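Before any comments, here is the structure.
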Amino acid sequence: MENTMNAIKLNDYKKPDYIIDTIYLTFNLHETETKVHSKLVVKRNSPEAKTLILIGEELTLIGLKIDGVLLTSDRYIIHKDTLEIMHVPEKFELEVETIINPLSNKTLDGLYKSGSIFCTQNEPEGFRRITYYIDRPDNMAKFTTKIIANKKLYPILLSNGNPIAKGDLPNGDHFVEWQDPFKKPSYLFALVAGDLGFIKDQYKTISGKNVALEIYCDKGNESKCHHAMESLKKSMKWDEDRFGLEYDLDIYMIVAVDAFNMGAMENKGLNIFNSAYVLANRETATDQNFSGIESVIGHEYFHNWTGNRITCRDWFQLTLKEGLTVYRDQEFSADLNSRFVERINSVQHLRSKQFPEDQGPTSHPIKPDSYIEINNFYTMTIYEKGAEVIRMIETFLGRDGFRKGMDKYFELFDGQAVRTEDFLHAMSVANNNFDFTQFKNWYSQNGTPIIHAQTAYNELKKEFTITLKQELPHNAPKNAKFYHMPIKIGLIDTKGNDIFLEKTILELKEEVHHFTFSGILEKPIASLNRNFSAPVKLITDHSFEDQLFLMANDSDAFNRYEASQVVAKNILQKLILDLQAGKELVLDTRFIEAYGKILDDQKIDEAFKALTMQLPEEGILHQDQKVILFKETHKVCQFVKATLANHFDDKIFNLYSSIKQTGEYKIDAKAMGQRELKTKCFDLMMFVKGEKYHKLAADQFKTATNMTEEIGLLTSLVFSNSTYKDDALAGFYKKWSHETLVMQKWLGVQASSSDDSTYANILKLELNSIYDKTVPNLVRALLGSFGSNFLQINHESGRGYKLMADRIIELDKLNPQVASRFASLFKTYKNIPLNLQTLMGIELKRIIDEKSLSKNVFEIVSKILG
Ligand code: ARG
Ligand code: ZN
């Protein structure tokens, strides 16, 4: 085991000794014995090389030929995960024949079966489970793929590129041959076979070329593919308009499968998607699902240029394609929907998921310098913080400068496998050699920087000064350097108007910088880090009144929202301390008053009201606690909600009743905002004394005509432990047990309930016939939700930890990627009360002592144990 636990290091990068530039694949598909024949054109790439080393896992080798001649066994050695072929010529044709077993493959990596569909997932290192190959992204080859299978069982046979031949074969077989004209790394290879349903459409590109669009799914789900198709067409149009990027093949295919480790995969011309990001109609999908589909369809489409045409040299460069593509999908969603709602949601997501990752034991820079298992680095940091880093570049260069940099990037690197430095080089060259030297620290250093801001007004000189001080994070690397970042600001006069400023982007580079503004006639209030221009923790000297002023007057919508959150956060943290000190809980009347103003505000739209009404999540509050106070935090959040709900009972009910949705069902920003606000109102109304609104909730639940309201109300009934809860859950099950995506929601709601009955319920739900531990979506819905259920996972008996450890150990044997995601739920280990730490420690040690633990889980748990 030891030598497989070795860390791979960026500094050890060496270009490949040989390059395969052409590959012809033939698959004879069979559930348990698929024969894979591969013919490779191999060329020496480094002068001294004599031995060809190919990578392969779980393969049975049955034949090996060089230039048509069978190799004798003294010419090669089969190691556990490699095939070594000695004394190879400078240029040759290699034929490799192997057998694989897709049916027994539960890792969902390589070729496997999802239900009745054959499909693949090869990023980052799945291709080595299909055939022996130079399975690394800097080996780019032209792929031709022939698929042979039983025609009745598998009438549809798909791979990358364009179909070039097809025909019938003896014994009821048939074949289709595909060719991808673009060179690509093996991680972008895909194959799909099955008796699939589909919808078709087309798109005329900006230069007038017609592209066939096809979305495949299980038969019966075709009618749920239309939103995905619309999203695809919008993505194609948006990339032409915003970045001048046109699609480059004649066909674009998307396949939805139920068993998938991640969200989706950008395989050239043949995306494979988790069905949760394709299938939707108003009865089965929430507004959040609709938005998620639009953004993931966009994300994978945008990868065609940022990822596929220009790919990564090695996996340390992952953020090169992922950070950039997340930035692109965020901009896509912002241009199509409400820009500030999208921005607030992205920042909320970053703070609740990436910030804790970055302050915990698995913290890593967006460009890591070492890993044991690369699958553990498909993280919030690489993706979401990576996108923030790209956004800072855009803030520095402006939208036009950024576009010029993107054009330059494609001009210089199209068709190549490159590094993040190459991206910055293109940005710099296109923008008067903008100096990114210090900015690169964002790529190499981990942790969330803290910015302390102080302001001072000089009455005599009419000068206003903002002093910004950087504090490096507690877990920064030893020789960490200060960051270069853009802080977007505004100064607001007493009437609430922005004072005109020459420059609104402050460039912070030093530890401390004083920015002075002259000709400021009266003391302004500073609005800092507008639009969250730098991904930092900001600590200001604003008073409670200043925050209320910003909430009411800031022209920057993000900062208006932000002020509401800062106010609430301070109030909640103070109450948590009060509770801990045994004091009686009393909610600050100034806060109650401010909250009432939000409810009354006629100027703000529904979506914004819903956002500002929401109190900071418990997880956000935990981040500021040295020792996390799970119970106290939960209790205080419940107390504040109950106080507000009872104080504003009528106001909230009237607000709820005033939202009129008539006419056709829409999924635009307005309609979604209205539904979100209704959900937020009910969330509070459930706290009004005497279960006053519970019957209403139960009635509305029964008559709901869309999933957003239906699941919103079910959640309210479950979380409030309402007397109507059991009926509602049973009714929902009866109505939806045939729809796995809906059942995932049903499992998720129950596993998230903070009630003490949840633990026993989890055990019961695992036995339900709709549950299947080999399908990641179901496992995530049940156990993933339980793992984020702060009160129950951290139960003082230790039963939550034990259950999770049992499941991690069991899952690790099936699907190490999923097991390892669950292992990271224990990342709070060093920050929890001692009694819990002891209990969690026992389970962590039990996991790490397991024989034949995967690299995936080993890497995470060993980091947690430190
Ligand atoms: N490149 C895919 C995306 O971001 C993610 C694939 C990750 N897969 C994995 N097994 N780690 O769209
Ligand atoms: Zn991606």
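The chains in the structure tokens are called A, B, ... from first to last as shown; in each chain the residues are counted from 1, and the ligands are counted from 1 in the order shown.
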
task: Name the residues in contact with range 120-129 of chain A at a cut-off of 9 Å, using only C-alpha atoms, excluding same-chain residues fewer than 2 positions from it; report them as an MDAnalysis selection string.
output: chainID A and resid 54:59 81 100 108:113 118 131:137 186:192 260:261 265 267 272 315 374:375

Test item: residues at most 8 Å from Asn815 in chain A, only C-alpha atoms, excluding those fewer than 2 positions along its chain, as a VMD selection string: chain A and resid 106 to 108 774 811 to 813 817 to 819

So that I have them on file, write out the residues from the current selection with all heavy atoms, as an mmCIF file, in the first residue's frame.
data_model
loop_
_atom_site.group_PDB
_atom_site.id
_atom_site.type_symbol
_atom_site.label_atom_id
_atom_site.label_comp_id
_atom_site.auth_asym_id
_atom_site.auth_seq_id
_atom_site.Cartn_x
_atom_site.Cartn_y
_atom_site.Cartn_z
ATOM 1 N N LYS A 106 -18.202 -0.137 -9.983
ATOM 2 C CA LYS A 106 -19.064 0.757 -9.200
ATOM 3 C C LYS A 106 -18.353 2.061 -8.830
ATOM 4 O O LYS A 106 -18.910 2.911 -8.141
ATOM 5 C CB LYS A 106 -19.553 0.055 -7.921
ATOM 6 C CG LYS A 106 -20.395 -1.197 -8.190
ATOM 7 C CD LYS A 106 -21.664 -0.883 -8.988
ATOM 8 C CE LYS A 106 -22.396 -2.141 -9.424
ATOM 9 N NZ LYS A 106 -23.289 -1.904 -10.572
ATOM 10 N N THR A 107 -17.094 2.196 -9.270
ATOM 11 C CA THR A 107 -16.374 3.446 -9.004
ATOM 12 C C THR A 107 -16.935 4.583 -9.848
ATOM 13 O O THR A 107 -16.686 5.745 -9.574
ATOM 14 C CB THR A 107 -14.884 3.320 -9.370
ATOM 15 O OG1 THR A 107 -14.778 3.071 -10.783
ATOM 16 C CG2 THR A 107 -14.218 2.171 -8.623
ATOM 17 N N LEU A 108 -17.690 4.226 -10.902
ATOM 18 C CA LEU A 108 -18.244 5.200 -11.853
ATOM 19 C C LEU A 108 -17.146 6.030 -12.501
ATOM 20 O O LEU A 108 -17.287 7.211 -12.768
ATOM 21 C CB LEU A 108 -19.299 6.088 -11.177
ATOM 22 C CG LEU A 108 -20.357 5.388 -10.329
ATOM 23 C CD1 LEU A 108 -21.467 6.369 -9.954
ATOM 24 C CD2 LEU A 108 -20.958 4.171 -11.030
ATOM 25 N N THR A 774 -25.424 2.419 -4.537
ATOM 26 C CA THR A 774 -24.463 2.556 -5.635
ATOM 27 C C THR A 774 -24.763 3.787 -6.501
ATOM 28 O O THR A 774 -24.031 4.059 -7.451
ATOM 29 C CB THR A 774 -24.447 1.303 -6.543
ATOM 30 O OG1 THR A 774 -25.701 1.212 -7.223
ATOM 31 C CG2 THR A 774 -24.194 0.036 -5.749
ATOM 32 N N LEU A 811 -18.638 2.368 1.757
ATOM 33 C CA LEU A 811 -18.656 2.999 0.430
ATOM 34 C C LEU A 811 -17.295 3.009 -0.233
ATOM 35 O O LEU A 811 -17.175 2.956 -1.455
ATOM 36 C CB LEU A 811 -19.113 4.459 0.572
ATOM 37 C CG LEU A 811 -20.586 4.763 0.448
ATOM 38 C CD1 LEU A 811 -20.837 6.208 0.856
ATOM 39 C CD2 LEU A 811 -21.049 4.542 -1.003
ATOM 40 N N ASP A 812 -16.260 3.089 0.583
ATOM 41 C CA ASP A 812 -14.909 3.175 0.034
ATOM 42 C C ASP A 812 -14.582 1.963 -0.833
ATOM 43 O O ASP A 812 -13.793 2.042 -1.762
ATOM 44 C CB ASP A 812 -13.895 3.321 1.170
ATOM 45 C CG ASP A 812 -12.533 3.762 0.641
ATOM 46 O OD1 ASP A 812 -12.498 4.642 -0.244
ATOM 47 O OD2 ASP A 812 -11.509 3.232 1.119
ATOM 48 N N LYS A 813 -15.198 0.850 -0.534
ATOM 49 C CA LYS A 813 -14.948 -0.365 -1.315
ATOM 50 C C LYS A 813 -15.674 -0.322 -2.648
ATOM 51 O O LYS A 813 -15.302 -1.003 -3.600
ATOM 52 C CB LYS A 813 -15.374 -1.595 -0.515
ATOM 53 C CG LYS A 813 -14.647 -1.683 0.838
ATOM 54 C CD LYS A 813 -14.665 -3.053 1.421
ATOM 55 C CE LYS A 813 -13.915 -3.204 2.739
ATOM 56 N NZ LYS A 813 -13.267 -2.052 3.337
ATOM 57 N N GLN A 817 -14.428 7.831 -4.568
ATOM 58 C CA GLN A 817 -14.635 9.273 -4.734
ATOM 59 C C GLN A 817 -15.750 9.787 -3.838
ATOM 60 O O GLN A 817 -15.638 10.845 -3.224
ATOM 61 C CB GLN A 817 -14.985 9.596 -6.183
ATOM 62 C CG GLN A 817 -13.780 9.568 -7.108
ATOM 63 C CD GLN A 817 -14.143 10.077 -8.484
ATOM 64 O OE1 GLN A 817 -14.843 11.077 -8.630
ATOM 65 N NE2 GLN A 817 -13.679 9.392 -9.499
ATOM 66 N N VAL A 818 -16.844 9.039 -3.789
ATOM 67 C CA VAL A 818 -17.971 9.464 -2.963
ATOM 68 C C VAL A 818 -17.611 9.322 -1.481
ATOM 69 O O VAL A 818 -17.892 10.204 -0.667
ATOM 70 C CB VAL A 818 -19.245 8.667 -3.320
ATOM 71 C CG1 VAL A 818 -20.364 8.962 -2.344
ATOM 72 C CG2 VAL A 818 -19.690 9.006 -4.735
ATOM 73 N N ALA A 819 -16.937 8.222 -1.143
ATOM 74 C CA ALA A 819 -16.545 8.008 0.252
ATOM 75 C C ALA A 819 -15.665 9.153 0.746
ATOM 76 O O ALA A 819 -15.831 9.653 1.861
ATOM 77 C CB ALA A 819 -15.795 6.675 0.367
#

field: For CA of Lys224 in chain A and CA of Thr286 in chain A, the interatomic separation in Å (one decimal)
entry: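 Atom-to-atom, CA of Lys224 in chain A and CA of Thr286 in chain A are spaced 12.9 Å apart.
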
message: Show me, as a list of chain:residue names, the residues that have an atom within 8 Å of range 666-680 of chain A when counting only C-alpha atoms, minus same-chain residues fewer than 2 positions from it.
response: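 Once the nearby chain positions are removed, what remains is A:Asp287, A:Phe290, A:Asn337, A:Ser338, A:Asp605, A:Glu606, A:Ala607, A:Phe608, A:Lys609, A:Ala610, A:Met613, A:Gln614, A:Tyr656, A:Ile659, A:Gln661, A:Glu664, A:Phe682, A:Asp683, A:Leu684, A:Thr708, A:Glu709, A:Gly712, A:Leu713.
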
task: With only C-alpha atoms and all ligand atoms counted, collect every polymer residue having an atom within 7 Å of ligand 2; state the result as a list in words.
output: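 Selection of residues at most 7 Å from ligand 2: His299, Glu300, His303, Lys321, Glu322, Thr325 and Val326 of chain A.
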
message: Applying 9 Å and only C-alpha atoms, which residues near Val41 in chain A remain after dropping the ones on its own chain fewer than 5 positions away? List them as an NGL selection string.
response: :A and (19-24 or 91-94)

Go ahead and write the residues just picked, N, CA and C atoms, as a compact mmCIF listing (two decimals), in the first residue's frame.
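Below you can see part17.txt, which holds the result:
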# COMPACT_ATOMS: atom_id res chain seq x y z
N ILE A 19 4.88 10.21 -27.16
CA ILE A 19 3.58 10.84 -27.42
C ILE A 19 2.78 9.94 -28.34
N ILE A 20 1.52 9.75 -27.97
CA ILE A 20 0.59 9.04 -28.88
C ILE A 20 -0.20 10.14 -29.57
N ASP A 21 -0.07 10.24 -30.89
CA ASP A 21 -0.83 11.35 -31.51
C ASP A 21 -2.05 10.89 -32.30
N THR A 22 -2.20 9.56 -32.44
CA THR A 22 -3.38 9.04 -33.14
C THR A 22 -3.81 7.77 -32.43
N ILE A 23 -5.12 7.61 -32.24
CA ILE A 23 -5.62 6.38 -31.61
C ILE A 23 -6.88 5.91 -32.33
N TYR A 24 -6.89 4.61 -32.66
CA TYR A 24 -8.08 3.98 -33.23
C TYR A 24 -8.59 2.98 -32.20
N LYS A 91 9.55 5.39 -33.73
CA LYS A 91 8.16 5.63 -34.16
C LYS A 91 7.57 4.27 -34.50
N PHE A 92 6.39 3.99 -33.97
CA PHE A 92 5.81 2.67 -34.24
C PHE A 92 4.31 2.66 -34.00
N GLU A 93 3.70 1.54 -34.48
CA GLU A 93 2.27 1.37 -34.26
C GLU A 93 2.12 0.27 -33.21
N LEU A 94 1.39 0.59 -32.18
CA LEU A 94 1.21 -0.37 -31.10
C LEU A 94 -0.25 -0.80 -31.04

Residue set, range 451-584 of chain A restricted to helix (DSSP H, G or I), as number ranges by chain: A: 530-532, 544-553, 557-580

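Put simply, CA of Ile450 in chain A is 5.0 Å away from CA of Glu471 in chain A.
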
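Picture a line from CA of Met707 in chain A to CA of Ile199 in chain A; it runs 23.4 Å.
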
- prompt: Hey, what's within 10 Å of Lys802 in chain A if we count only C-alpha atoms and toss same-chain stuff fewer than 5 positions away? As an MDAnalysis selection string, please?
  reply: chainID A and resid 793 797 807:808 839:840 842:844 846

- request: Pick out the residues sitting within 9 Å of Asp546 in chain A, and hand them over as a list of chain:residue names; count only C-alpha atoms, and ignore anything fewer than 5 positions along from it in its own chain.
  value: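 After dropping sequence-adjacent residues, the list is A:Ile525, A:Met551, A:Ala563.
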